[in-house]
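K.L.:
As input, take query-v5.txt (compact mmCIF, C-alpha atoms and all ligand atoms):
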# COMPACT_ATOMS: atom_id res chain seq x y z
CA MET W 484 5.68 13.52 29.37
CA ALA W 485 4.64 10.24 27.71
CA LYS W 486 1.01 11.18 28.22
CA GLU W 487 1.61 14.55 26.63
CA LYS W 488 3.20 12.86 23.65
CA SER W 489 0.32 10.42 23.11
CA LYS W 490 -2.11 13.32 23.40
CA LYS W 491 -0.20 15.10 20.65
CA LYS W 492 -0.24 11.95 18.51
CA LEU W 493 -3.96 11.51 18.91
CA GLY W 494 -4.37 15.15 17.96
CA MET W 495 -2.55 14.63 14.68
CA THR W 496 -4.62 11.57 13.69
CA THR W 497 -7.79 13.49 14.49
CA LEU W 498 -6.58 16.44 12.44
CA ILE W 499 -5.87 14.20 9.45
CA PHE W 500 -9.33 12.72 9.82
CA ILE W 501 -10.86 16.19 9.88
CA GLY W 502 -8.85 17.04 6.73
CA LEU W 503 -10.29 13.95 5.04
CA PHE W 504 -13.83 14.78 6.05
CA LEU W 505 -13.62 18.45 5.11
CA GLY W 506 -12.01 17.50 1.79
CA ALA W 507 -14.86 15.14 0.92
CA PHE W 508 -17.41 17.74 1.97
CA THR W 509 -15.77 20.51 -0.08
CA GLY W 510 -15.52 18.19 -3.08
CA ILE W 511 -19.22 17.31 -2.92
CA ILE W 512 -20.23 20.98 -2.63
CA LEU W 513 -18.06 21.93 -5.57
CA TYR W 514 -19.17 19.04 -7.75
CA TYR W 515 -22.90 19.35 -7.15
CA PHE W 516 -23.57 22.96 -6.22
CA VAL W 517 -20.95 25.17 -7.81
CA PRO W 518 -21.23 25.67 -11.58
CA GLY W 519 -18.11 24.81 -13.58
CA GLY W 520 -15.91 27.61 -14.78
CA TYR W 521 -12.47 29.17 -14.59
CA MET W 522 -12.62 29.85 -10.84
CA ARG W 523 -13.84 26.41 -9.82
CA ASP W 524 -12.00 24.22 -12.30
CA THR W 525 -8.76 25.99 -13.08
CA VAL W 526 -8.04 28.04 -9.99
CA LEU W 527 -9.48 25.90 -7.21
CA VAL W 528 -9.58 22.25 -8.28
CA ASP W 529 -6.71 22.03 -10.79
CA GLY W 530 -4.83 24.82 -9.05
CA VAL W 531 -4.97 25.01 -5.27
CA PHE W 532 -6.30 21.53 -4.40
CA TYR W 533 -4.06 19.81 -6.91
CA VAL W 534 -0.90 21.56 -5.75
CA VAL W 535 -1.71 21.10 -2.06
CA GLY W 536 -2.50 17.38 -2.50
CA GLN W 537 0.27 16.48 -4.92
CA GLY W 538 2.73 18.49 -2.85
CA PHE W 539 1.98 16.26 0.12
CA LEU W 540 2.23 13.10 -1.98
CA ARG W 541 5.60 14.22 -3.33
CA LEU W 542 6.86 15.06 0.16
CA MET W 543 5.96 11.57 1.36
CA GLN W 544 7.55 10.03 -1.72
CA MET W 545 10.68 12.08 -1.12
CA LEU W 546 11.21 10.09 2.09
CA VAL W 547 10.80 6.64 0.60
CA VAL W 548 14.08 5.71 -1.11
CA PRO W 549 16.46 6.98 1.61
CA LEU W 550 14.19 5.62 4.34
CA VAL W 551 13.87 2.14 2.82
CA PHE W 552 17.59 2.05 2.14
CA CYS W 553 18.74 3.13 5.61
CA SER W 554 15.99 1.28 7.40
CA LEU W 555 16.78 -2.04 5.73
CA ILE W 556 20.50 -1.64 6.30
CA CYS W 557 19.93 -0.89 9.99
CA GLY W 558 17.26 -3.60 10.31
CA SER W 559 19.37 -6.35 8.80
CA ALA W 560 22.48 -5.19 10.66
CA ALA W 561 20.54 -5.12 13.95
CA ILE W 562 19.15 -8.63 13.45
CA GLY W 563 22.81 -9.55 13.32
CA ASP W 564 24.24 -12.82 12.14
CA THR W 565 23.27 -14.16 8.76
CA LYS W 566 21.63 -17.24 10.23
CA THR W 567 19.09 -15.27 12.28
CA LEU W 568 18.58 -12.83 9.45
CA GLY W 569 18.02 -15.72 7.04
CA LYS W 570 15.46 -17.22 9.41
CA VAL W 571 13.61 -13.93 9.92
CA GLY W 572 13.83 -13.16 6.20
CA VAL W 573 12.45 -16.52 5.09
CA LYS W 574 9.71 -16.38 7.73
CA THR W 575 8.71 -12.87 6.69
CA ILE W 576 8.60 -13.71 2.99
CA VAL W 577 6.61 -16.91 3.61
CA PHE W 578 4.08 -14.98 5.73
CA TYR W 579 3.81 -12.29 3.08
CA LEU W 580 3.27 -14.77 0.24
CA PHE W 581 0.76 -16.77 2.25
CA THR W 582 -1.35 -13.73 3.22
CA THR W 583 -1.31 -12.49 -0.38
CA ALA W 584 -2.40 -15.83 -1.84
CA LEU W 585 -5.10 -16.03 0.83
CA ALA W 586 -6.34 -12.53 -0.05
CA ILE W 587 -6.76 -13.36 -3.70
CA SER W 588 -8.45 -16.70 -2.87
CA ILE W 589 -10.95 -14.93 -0.61
CA ALA W 590 -11.61 -12.44 -3.42
CA LEU W 591 -12.29 -15.27 -5.87
CA ALA W 592 -14.58 -17.05 -3.41
CA VAL W 593 -16.64 -13.92 -2.66
CA GLY W 594 -16.68 -12.97 -6.34
CA THR W 595 -17.89 -16.42 -7.38
CA ILE W 596 -20.79 -16.15 -4.96
CA VAL W 597 -21.79 -12.52 -5.59
CA LYS W 598 -20.88 -12.33 -9.32
CA PRO W 599 -20.10 -8.59 -9.38
CA GLY W 600 -20.31 -8.15 -13.16
CA LEU W 601 -23.57 -9.97 -13.83
CA GLY W 602 -26.47 -7.95 -15.24
CA LEU W 603 -24.32 -4.87 -15.63
CA ASP W 604 -25.38 -2.06 -17.95
CA THR W 605 -22.02 -1.37 -19.56
CA ALA W 606 -23.40 1.70 -21.35
CA ALA W 607 -23.82 3.46 -17.98
CA ILE W 608 -20.13 3.17 -17.20
CA GLN W 609 -17.62 5.89 -17.98
CA THR W 610 -14.80 4.01 -19.66
CA GLN W 611 -11.23 5.16 -19.82
CA ASP W 612 -8.36 4.10 -22.01
CA VAL W 613 -5.59 2.23 -20.27
CA THR W 614 -2.17 1.80 -21.80
CA VAL W 615 -0.90 -1.67 -21.12
CA ALA W 616 2.80 -1.88 -20.37
CA GLU W 617 4.86 -4.34 -22.32
CA SER W 618 5.08 -7.51 -20.30
CA THR W 619 8.44 -8.90 -19.27
CA THR W 620 9.19 -12.60 -19.09
CA LEU W 621 9.50 -14.39 -15.75
CA THR W 622 13.24 -14.88 -16.19
CA GLU W 623 13.73 -11.17 -16.86
CA THR W 624 11.58 -10.26 -13.86
CA LEU W 625 13.71 -12.49 -11.64
CA LEU W 626 16.98 -11.15 -13.00
CA ASN W 627 15.76 -7.59 -12.61
CA ILE W 628 15.87 -8.00 -8.84
CA ILE W 629 19.67 -7.85 -8.99
CA PRO W 630 20.87 -4.31 -9.59
CA THR W 631 23.63 -3.88 -12.16
CA ASN W 632 24.10 -0.39 -10.80
CA PRO W 633 22.93 0.17 -7.20
CA ILE W 634 23.24 3.94 -7.52
CA GLY W 635 21.02 3.79 -10.60
CA ALA W 636 18.50 1.71 -8.64
CA LEU W 637 18.46 4.32 -5.88
CA ALA W 638 18.14 7.16 -8.37
CA ASN W 639 15.28 5.50 -10.23
CA GLY W 640 13.56 4.21 -7.10
CA THR W 641 13.65 0.59 -8.30
CA MET W 642 12.64 -0.76 -4.92
CA LEU W 643 13.38 -4.48 -5.26
CA GLN W 644 16.90 -3.67 -6.40
CA VAL W 645 17.33 -1.17 -3.57
CA ILE W 646 16.23 -3.87 -1.12
CA VAL W 647 18.73 -6.42 -2.43
CA PHE W 648 21.62 -3.97 -2.20
CA ALA W 649 20.59 -2.71 1.24
CA LEU W 650 20.40 -6.29 2.54
CA PHE W 651 23.93 -6.96 1.32
CA VAL W 652 25.24 -3.81 3.01
CA GLY W 653 23.39 -4.60 6.26
CA ILE W 654 24.62 -8.20 6.42
CA ILE W 655 28.20 -7.12 5.78
CA LEU W 656 28.02 -4.37 8.41
CA ALA W 657 26.91 -6.98 10.94
CA LYS W 658 29.68 -9.34 9.84
CA LEU W 659 32.50 -6.80 10.00
CA GLY W 660 31.29 -5.34 13.32
CA GLU W 661 33.64 -2.80 14.90
CA ARG W 662 35.77 -2.47 11.79
CA VAL W 663 32.94 -0.59 10.08
CA GLU W 664 31.54 1.21 13.09
CA VAL W 665 31.72 4.62 11.42
CA VAL W 666 29.61 3.47 8.48
CA SER W 667 27.15 1.65 10.78
CA ASN W 668 26.73 4.81 12.82
CA PHE W 669 26.33 6.85 9.69
CA PHE W 670 23.38 4.77 8.47
CA ALA W 671 21.84 4.61 11.96
CA GLN W 672 22.02 8.39 12.23
CA PHE W 673 20.79 8.92 8.70
CA ASN W 674 17.86 6.68 9.56
CA ASP W 675 17.11 8.91 12.55
CA ILE W 676 17.24 11.94 10.28
CA MET W 677 14.71 10.32 7.93
CA MET W 678 12.39 9.50 10.83
CA GLU W 679 12.58 13.09 12.03
CA MET W 680 11.88 14.28 8.49
CA THR W 681 8.82 12.02 8.50
CA ASN W 682 7.55 13.76 11.64
CA MET W 683 8.07 17.12 9.97
CA VAL W 684 6.30 16.17 6.75
CA MET W 685 3.43 14.67 8.73
CA MET W 686 2.69 18.05 10.28
CA TYR W 687 1.48 19.05 6.85
CA ALA W 688 -0.62 15.86 6.48
CA PRO W 689 -4.06 17.27 7.44
CA ILE W 690 -3.83 19.98 4.75
CA GLY W 691 -2.33 17.58 2.20
CA VAL W 692 -5.08 15.04 2.82
CA PHE W 693 -7.67 17.78 2.42
CA GLY W 694 -6.18 18.69 -0.96
CA LEU W 695 -6.04 15.10 -2.22
CA ILE W 696 -9.61 14.25 -1.26
CA SER W 697 -11.24 17.51 -2.32
CA TYR W 698 -9.51 17.16 -5.70
CA THR W 699 -10.68 13.57 -6.23
CA VAL W 700 -14.27 14.14 -5.11
CA SER W 701 -14.74 17.40 -7.02
CA GLN W 702 -13.45 15.69 -10.16
CA HIS W 703 -15.60 12.57 -9.99
CA GLY W 704 -18.51 13.31 -7.67
CA LEU W 705 -20.24 10.26 -6.28
CA LYS W 706 -22.33 9.22 -9.24
CA VAL W 707 -19.47 7.44 -11.03
CA LEU W 708 -19.66 4.93 -8.24
CA LEU W 709 -23.24 3.86 -8.78
CA PRO W 710 -23.08 1.59 -11.85
CA LEU W 711 -20.12 -0.23 -10.40
CA GLY W 712 -21.47 -0.28 -6.87
CA LYS W 713 -21.51 -4.08 -6.82
CA LEU W 714 -17.83 -4.28 -7.72
CA ILE W 715 -16.96 -1.84 -4.95
CA LEU W 716 -19.16 -3.75 -2.53
CA VAL W 717 -17.57 -7.11 -3.37
CA SER W 718 -14.10 -5.59 -2.92
CA ALA W 719 -15.15 -4.15 0.43
CA ILE W 720 -16.67 -7.45 1.64
CA ALA W 721 -13.60 -9.42 0.56
CA SER W 722 -11.29 -6.88 2.27
CA VAL W 723 -13.22 -7.07 5.54
CA LEU W 724 -13.21 -10.88 5.34
CA HIS W 725 -9.47 -10.87 4.80
CA VAL W 726 -8.99 -8.74 7.88
CA ILE W 727 -11.21 -11.11 9.89
CA ILE W 728 -9.82 -14.39 8.56
CA CYS W 729 -6.16 -13.48 8.22
CA TYR W 730 -5.00 -10.47 10.25
CA SER W 731 -7.26 -10.78 13.28
CA PRO W 732 -6.03 -14.25 14.31
CA LEU W 733 -2.43 -13.15 13.69
CA VAL W 734 -2.81 -10.14 15.94
CA LYS W 735 -4.91 -11.85 18.57
CA TYR W 736 -3.19 -15.21 18.89
CA VAL W 737 0.35 -14.63 17.66
CA VAL W 738 1.03 -11.06 18.77
CA ARG W 739 -1.41 -11.31 21.68
CA ILE W 740 -2.53 -7.72 21.66
CA PRO W 741 -6.20 -6.69 21.61
CA LEU W 742 -7.53 -6.03 18.11
CA PRO W 743 -8.69 -2.46 18.90
CA THR W 744 -5.14 -1.64 20.04
CA PHE W 745 -3.78 -2.84 16.72
CA PHE W 746 -6.35 -1.01 14.62
CA ARG W 747 -5.91 2.19 16.62
CA GLY W 748 -2.17 1.79 16.15
CA VAL W 749 -2.40 1.61 12.36
CA PHE W 750 -5.08 4.26 12.01
CA GLU W 751 -2.73 7.07 11.04
CA PRO W 752 -1.03 5.09 8.22
CA TRP W 753 -4.52 3.99 7.14
CA LEU W 754 -5.57 7.58 6.64
CA ILE W 755 -2.42 8.33 4.68
CA ALA W 756 -2.80 5.21 2.51
CA PHE W 757 -6.48 5.86 1.93
CA THR W 758 -6.00 9.44 0.81
CA THR W 759 -2.73 9.15 -1.11
CA CYS W 760 -3.43 5.72 -2.68
CA SER W 761 0.27 5.09 -2.30
CA SER W 762 1.62 2.53 0.12
CA ALA W 763 5.08 3.99 -0.46
CA ALA W 764 3.78 7.30 0.87
CA ALA W 765 2.33 5.54 3.91
CA LEU W 766 5.55 3.64 4.63
CA PRO W 767 7.18 6.17 6.98
CA THR W 768 4.12 6.39 9.25
CA ASN W 769 3.55 2.64 9.07
CA LEU W 770 7.07 2.10 10.31
CA GLN W 771 6.45 4.44 13.23
CA SER W 772 3.14 2.76 14.10
CA VAL W 773 4.60 -0.72 14.15
CA ARG W 774 7.33 0.52 16.47
CA ARG W 775 4.68 2.09 18.71
CA LEU W 776 2.83 -1.24 18.73
CA GLY W 777 5.93 -2.70 20.32
CA ALA W 778 7.85 -4.28 17.44
CA SER W 779 11.61 -4.25 17.86
CA LYS W 780 13.62 -1.81 15.79
CA GLY W 781 15.41 -4.62 13.94
CA VAL W 782 12.31 -6.53 12.82
CA ALA W 783 10.25 -3.38 12.11
CA SER W 784 12.90 -1.73 10.00
CA PHE W 785 13.45 -4.98 8.14
CA SER W 786 9.88 -6.24 7.60
CA ILE W 787 8.03 -3.00 6.88
CA PRO W 788 10.15 -1.72 3.97
CA LEU W 789 10.30 -5.24 2.55
CA GLY W 790 6.54 -5.72 2.90
CA ASN W 791 5.86 -2.31 1.47
CA THR W 792 7.42 -3.47 -1.76
CA ILE W 793 6.56 -7.15 -2.00
CA ASN W 794 3.43 -7.61 0.14
CA MET W 795 0.30 -6.18 -1.43
CA ASP W 796 -2.70 -8.13 -0.21
CA GLY W 797 -5.12 -5.40 -1.21
CA THR W 798 -3.78 -5.29 -4.74
CA ALA W 799 -3.92 -9.08 -5.05
CA LEU W 800 -7.47 -9.11 -3.73
CA TYR W 801 -8.40 -6.42 -6.25
CA MET W 802 -6.94 -8.50 -9.05
CA GLY W 803 -9.08 -11.46 -8.03
CA VAL W 804 -12.28 -9.43 -7.78
CA CYS W 805 -11.67 -7.58 -11.06
CA SER W 806 -10.82 -10.75 -12.99
CA LEU W 807 -14.13 -12.27 -11.94
CA PHE W 808 -15.95 -9.02 -12.65
CA ILE W 809 -14.54 -8.83 -16.18
CA ALA W 810 -15.26 -12.53 -16.77
CA ASN W 811 -18.91 -11.92 -15.69
CA VAL W 812 -19.30 -8.86 -17.92
CA PHE W 813 -18.03 -10.70 -20.98
CA GLY W 814 -19.98 -13.86 -20.14
CA ILE W 815 -16.88 -16.00 -19.66
CA HIS W 816 -16.91 -18.91 -17.25
CA LEU W 817 -13.68 -19.38 -15.34
CA SER W 818 -12.59 -22.95 -14.68
CA MET W 819 -10.88 -24.10 -11.48
CA ASP W 820 -7.54 -24.21 -13.33
CA GLN W 821 -7.99 -20.64 -14.46
CA MET W 822 -8.75 -19.58 -10.90
CA MET W 823 -5.56 -21.24 -9.70
CA MET W 824 -3.71 -19.39 -12.43
CA ILE W 825 -5.22 -16.11 -11.18
CA VAL W 826 -4.02 -16.86 -7.64
CA LEU W 827 -0.51 -17.54 -8.94
CA THR W 828 -0.17 -14.63 -11.37
CA GLY W 829 -2.06 -12.28 -9.04
CA THR W 830 0.37 -13.02 -6.22
CA LEU W 831 3.37 -12.47 -8.51
CA ALA W 832 1.85 -9.38 -10.11
CA SER W 833 1.15 -7.84 -6.72
CA ILE W 834 4.82 -8.33 -5.75
CA GLY W 835 5.83 -6.45 -8.87
CA THR W 836 3.33 -3.63 -8.31
CA ALA W 837 4.88 -0.32 -7.31
CA GLY W 838 3.41 1.38 -4.25
CA VAL W 839 2.07 4.31 -6.24
CA PRO W 840 -1.47 5.31 -7.23
CA GLY W 841 -2.99 3.28 -10.03
CA ALA W 842 -0.12 0.80 -10.38
CA GLY W 843 -2.40 -2.17 -9.71
CA LEU W 844 -4.59 -1.39 -12.71
CA ILE W 845 -1.62 -1.69 -15.05
CA MET W 846 -0.52 -4.95 -13.45
CA LEU W 847 -4.05 -6.33 -13.70
CA ALA W 848 -3.39 -6.65 -17.43
CA MET W 849 -0.84 -9.37 -16.70
CA VAL W 850 -3.39 -11.40 -14.74
CA LEU W 851 -6.08 -11.00 -17.39
CA GLN W 852 -3.66 -12.05 -20.11
CA SER W 853 -2.59 -15.15 -18.20
CA VAL W 854 -6.10 -16.58 -18.31
CA GLY W 855 -7.15 -15.10 -21.64
CA LEU W 856 -9.62 -12.53 -20.32
CA PRO W 857 -10.25 -9.50 -22.59
CA LEU W 858 -8.05 -6.50 -21.84
CA GLU W 859 -10.94 -4.20 -22.79
CA GLY W 860 -12.24 -5.01 -19.31
CA LEU W 861 -9.58 -2.68 -17.91
CA ALA W 862 -11.38 0.31 -19.39
CA LEU W 863 -14.52 -0.57 -17.40
CA VAL W 864 -12.65 -0.69 -14.11
CA ALA W 865 -10.48 2.37 -14.83
CA GLY W 866 -13.23 4.90 -14.14
CA ILE W 867 -13.52 3.91 -10.50
CA ASP W 868 -9.98 2.73 -10.02
CA ARG W 869 -9.18 5.62 -7.70
CA VAL W 870 -11.88 4.49 -5.28
CA LEU W 871 -10.81 0.85 -5.39
CA ASP W 872 -7.22 2.02 -4.98
CA MET W 873 -8.07 3.78 -1.71
CA PHE W 874 -9.25 0.51 -0.21
CA ARG W 875 -6.60 -1.76 -1.66
CA THR W 876 -3.76 0.53 -0.57
CA THR W 877 -5.16 0.62 2.95
CA LEU W 878 -5.28 -3.17 3.01
CA ASN W 879 -1.76 -3.35 1.58
CA ILE W 880 -0.22 -1.49 4.46
CA THR W 881 -2.40 -3.20 7.08
CA GLY W 882 -0.98 -6.52 5.90
CA ASP W 883 2.58 -5.26 6.27
CA ALA W 884 1.89 -4.08 9.81
CA ALA W 885 0.09 -7.27 10.89
CA VAL W 886 2.85 -9.54 9.55
CA ALA W 887 5.63 -7.34 10.97
CA VAL W 888 4.21 -7.42 14.52
CA ALA W 889 3.55 -11.16 14.18
CA ILE W 890 7.13 -11.89 13.06
CA ASP W 891 8.39 -9.77 15.92
CA ALA W 892 6.25 -11.71 18.40
CA THR W 893 7.48 -15.08 17.14
CA GLU W 894 11.09 -13.86 17.39
CA LYS W 895 10.58 -12.67 20.96
CA SER W 896 8.97 -15.92 22.05
CA VAL W 897 11.96 -18.07 21.02
N1 LIG W 901 -1.82 2.03 -5.01
C1 LIG W 901 -1.37 0.76 -4.52
C2 LIG W 901 -0.33 0.96 -3.43
O1 LIG W 901 0.33 1.94 -3.43
C3 LIG W 901 -0.81 -0.10 -5.58
C4 LIG W 901 -1.90 -0.47 -6.52
O2 LIG W 901 -2.24 0.35 -7.37
O3 LIG W 901 -2.46 -1.57 -6.38
O4 LIG W 901 -0.20 0.12 -2.59
Now, as a test, write the supplied structure out as structure tokens.
Ligand code: ASP
P.N.:
Amino acid sequence: MAKEKSKKKLGMTTLIFIGLFLGAFTGIILYYFVPGGYMRDTVLVDGVFYVVGQGFLRLMQMLVVPLVFCSLICGSAAIGDTKTLGKVGVKTIVFYLFTTALAISIALAVGTIVKPGLGLDTAAIQTQDVTVAESTTLTETLLNIIPTNPIGALANGTMLQVIVFALFVGIILAKLGERVEVVSNFFAQFNDIMMEMTNMVMMYAPIGVFGLISYTVSQHGLKVLLPLGKLILVSAIASVLHVIICYSPLVKYVVRIPLPTFFRGVFEPWLIAFTTCSSAAALPTNLQSVRRLGASKGVASFSIPLGNTINMDGTALYMGVCSLFIANVFGIHLSMDQMMMIVLTGTLASIGTAGVPGAGLIMLAMVLQSVGLPLEGLALVAGIDRVLDMFRTTLNITGDAAVAVAIDATEKSV
């Protein structure tokens, strides 16, 4: 029975992979070999592929708010007394902040050596206008974590506020115990419903992934990548280094599972993150993978939704690489102080970044502003942001998984 199940699981991951591959292939054929026109552009690319891909993204997003809410309530209630929860919570947040700051430092180190923006022919780059959101002050950002209306937070998908309210409910359920058994059971069962819904939606994943990738590739082709190849390369090198320096030791020495087991375990959420560019969309599968890797229900359902919102190593790394890239292009030398400032604002900005496609580009403005780098630089990066987003989102959810299994291991060993 168990063997049958794992066979089925493997089948789904393979199918998603095939969807990804076929999507890229179809996109390339359409972009390079099929002349533009009503059939190709309107019916196929903007019609079928767009609907199929966005439909999948929306289905995954449909799961997020109820899943994060129920999962965090159940997770914090399962961890039990406030003291243990406080310990696990503080440990998780410290791990998350540390890995994020490390990611951005690695990005700055690699960027300083490779200098991704030096000698760039800016005329060869397709620029795009980016609207910069009005920045909020630090005090406002902090206060905004507390919901004035929890139902409003749920309705608007304001994740940090949802988290705060869910934690309160979970802690109180644990405190009141039997008195609130009906409500505890309700959330536990609703959580099961959301997990089952995830399984259902995932059946559609291979087709959805096909739609998302064929749409992206047939829109952009591969040539947009060339002028900014060095930027993509630096991001890739820094991401791989982060996996080697940060996650590998965590998995190997703290969790004590072989690295291939871990990477195989997170492969399915990787594919979803890579193709949707939304860590929120990858959250349901990431939660399932971490459970399959052996994390307890309590820690997994607490750490993963929390990390999904506040832990974005890939986004932080991207902010570091892009800041250096823009500084290079405009011939600006960044001092050590400015680099420290980038680590600080990049870490904070990544916490505030929503797990949706392209959110990091908007938040990059905050980092650039903090060290006085020109915002026009955003337009240079915007053209290939989708590609960078694929990698940073994948790293974002890998970080959540690595920290969650590590926290679980440290809890089990005490
Ligand atoms: N797309 C990223 C995510 O969902 C956020 C970002 O744009 O950096 O994790």
K.L.:
Work out how far apart atom CA of Ser779 of chain W and atom CA of Gly563 of chain W are and give it in Å to one decimal.
P.N.:
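Between these atoms lies a distance of 13.2 Å.
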K.L.:
Mind running chain W against ligand LIG 901 (chain W) at 6 Å and telling me each contacting residue's nearest atom pair with the distance in Å (one decimal), counting all atoms listed in the file, chain and number ascending, as CSV?
P.N.:
residue,atom,partner,partner_atom,distance
W:Cys760,CA,W:LIG901,N1,4.7
W:Ser761,CA,W:LIG901,O1,3.3
W:Ser762,CA,W:LIG901,O1,3.8
W:Ala763,CA,W:LIG901,O1,6.0
W:Thr798,CA,W:LIG901,O3,4.3
W:Ala837,CA,W:LIG901,C3,6.0
W:Gly838,CA,W:LIG901,O1,3.2
W:Val839,CA,W:LIG901,O1,4.1
W:Pro840,CA,W:LIG901,N1,4.0
W:Gly841,CA,W:LIG901,O2,4.0
W:Ala842,CA,W:LIG901,O2,3.7
W:Gly843,CA,W:LIG901,O3,3.4
W:Asp872,CA,W:LIG901,N1,5.4
W:Thr876,CA,W:LIG901,O4,4.1
W:Asn879,CA,W:LIG901,O4,5.6
K.L.:
How many Å lie between atom CA of Ala756 of chain W and atom CA of Gly797 of chain W, rounded to one decimal?
P.N.:
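It comes out at 11.5 Å.
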K.L.:
Each residue of segment 702-734 of chain W lying at most 12 Å from segment 582-589 of chain W should get a row with its shortest atom-to-atom pair and the distance in Å to one decimal, counting only C-alpha atoms; could you produce that, ordered by chain and increasing number, as a tab-separated table?
P.N.:
residue	atom	partner	partner_atom	distance
W:Val717	CA	W:Ile589	CA	10.6
W:Ser718	CA	W:Ile589	CA	10.1
W:Ala719	CA	W:Ile589	CA	11.6
W:Ile720	CA	W:Ile589	CA	9.7
W:Ala721	CA	W:Ile589	CA	6.2
W:Ser722	CA	W:Ala586	CA	7.9
W:Val723	CA	W:Ile589	CA	10.2
W:Leu724	CA	W:Ile589	CA	7.5
W:His725	CA	W:Ala586	CA	6.0
W:Val726	CA	W:Ala586	CA	9.2
W:Ile727	CA	W:Ala586	CA	11.2
W:Ile728	CA	W:Leu585	CA	9.2
W:Cys729	CA	W:Thr582	CA	6.9
W:Tyr730	CA	W:Thr582	CA	8.6
W:Leu733	CA	W:Thr582	CA	10.5
K.L.:
Residues at most 9 Å from Ile654 of chain W, counting all atoms listed in the file, excluding those fewer than 6 positions away in the same chain, as a JSON list (two decimals) with C-alpha atoms, in the coordinates of the input?
P.N.:
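Listing of part37.json after writing:
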[["chain", "number", "residue", "atom", "x", "y", "z"],
["W", 556, "ILE", "CA", 20.50, -1.64, 6.30],
["W", 559, "SER", "CA", 19.37, -6.35, 8.80],
["W", 560, "ALA", "CA", 22.48, -5.19, 10.66],
["W", 562, "ILE", "CA", 19.15, -8.63, 13.45],
["W", 563, "GLY", "CA", 22.81, -9.55, 13.32],
["W", 564, "ASP", "CA", 24.24, -12.82, 12.14],
["W", 565, "THR", "CA", 23.27, -14.16, 8.76],
["W", 568, "LEU", "CA", 18.58, -12.83, 9.45]]
K.L.:
Smallest atom-to-atom distance to Ala778 of chain W: which of W:Leu643, W:Ile740, W:Leu550, W:Leu555, using all atoms listed in the file?
P.N.:
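Closest to Ala778 of chain W of all the choices is W:Ile740.
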K.L.:
For a test of reading the model, state the distance in Å between atom CA of Val645 of chain W and atom CA of Leu626 of chain W, rounded to one decimal.
P.N.:
13.7 Å
K.L.:
Using only C-alpha atoms, find the one residue out of W:Pro788, W:Gly882, W:Pro630, W:Gly855 that sits nearest to Phe745 of chain W.
P.N.:
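For Phe745 of chain W, the nearest of the given residues is W:Gly882.
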K.L.:
When you count all atoms listed in the file, which of these residues is closest to Met642 of chain W: W:Gly860, W:Gly506, W:Gly835, W:Gly829?
P.N.:
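Selected residue with least distance to Met642 of chain W: W:Gly835.
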K.L.:
Residues at most 12 Å from Thr509 of chain W, counting all atoms listed in the file, excluding those fewer than 5 positions away in the same chain, as a VMD selection string?
P.N.:
chain W and resid 501 to 504 514 to 517 523 527 to 528 532 693 to 702 704
K.L.:
Can those selected residues be exported to a file as a JSON list (two decimals), in the frame of the given file so that it contains C-alpha atoms?
P.N.:
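The resulting file, part_2.json, is reproduced below:
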[["chain", "number", "residue", "atom", "x", "y", "z"],
["W", 501, "ILE", "CA", -10.86, 16.19, 9.88],
["W", 502, "GLY", "CA", -8.85, 17.04, 6.73],
["W", 503, "LEU", "CA", -10.29, 13.95, 5.04],
["W", 504, "PHE", "CA", -13.83, 14.78, 6.05],
["W", 514, "TYR", "CA", -19.17, 19.04, -7.75],
["W", 515, "TYR", "CA", -22.90, 19.35, -7.15],
["W", 516, "PHE", "CA", -23.57, 22.96, -6.22],
["W", 517, "VAL", "CA", -20.95, 25.17, -7.81],
["W", 523, "ARG", "CA", -13.84, 26.41, -9.82],
["W", 527, "LEU", "CA", -9.48, 25.90, -7.21],
["W", 528, "VAL", "CA", -9.58, 22.25, -8.28],
["W", 532, "PHE", "CA", -6.30, 21.53, -4.40],
["W", 693, "PHE", "CA", -7.67, 17.78, 2.42],
["W", 694, "GLY", "CA", -6.18, 18.69, -0.96],
["W", 695, "LEU", "CA", -6.04, 15.10, -2.22],
["W", 696, "ILE", "CA", -9.61, 14.25, -1.26],
["W", 697, "SER", "CA", -11.24, 17.51, -2.32],
["W", 698, "TYR", "CA", -9.51, 17.16, -5.70],
["W", 699, "THR", "CA", -10.68, 13.57, -6.23],
["W", 700, "VAL", "CA", -14.27, 14.14, -5.11],
["W", 701, "SER", "CA", -14.74, 17.40, -7.02],
["W", 702, "GLN", "CA", -13.45, 15.69, -10.16],
["W", 704, "GLY", "CA", -18.51, 13.31, -7.67]]
K.L.:
Can you save segment 827-831 of chain W of the given block to a file, including N, CA and C atoms and formatted as a PDB file, in the first residue's frame?
P.N.:
ATOM      1  N   LEU W 827      20.632  44.884   5.977  1.00  0.00           N
ATOM      2  CA  LEU W 827      19.550  45.178   6.921  1.00  0.00           C
ATOM      3  C   LEU W 827      18.219  45.428   6.197  1.00  0.00           C
ATOM      4  N   THR W 828      18.234  46.355   5.241  1.00  0.00           N
ATOM      5  CA  THR W 828      16.949  46.675   4.578  1.00  0.00           C
ATOM      6  C   THR W 828      16.493  45.509   3.703  1.00  0.00           C
ATOM      7  N   GLY W 829      17.437  44.792   3.114  1.00  0.00           N
ATOM      8  CA  GLY W 829      17.072  43.641   2.282  1.00  0.00           C
ATOM      9  C   GLY W 829      16.375  42.569   3.100  1.00  0.00           C
ATOM     10  N   THR W 830      16.902  42.326   4.312  1.00  0.00           N
ATOM     11  CA  THR W 830      16.274  41.329   5.178  1.00  0.00           C
ATOM     12  C   THR W 830      14.852  41.770   5.539  1.00  0.00           C
ATOM     13  N   LEU W 831      14.724  43.059   5.938  1.00  0.00           N
ATOM     14  CA  LEU W 831      13.392  43.547   6.305  1.00  0.00           C
ATOM     15  C   LEU W 831      12.448  43.558   5.110  1.00  0.00           C
TER      16      LEU W 831
END
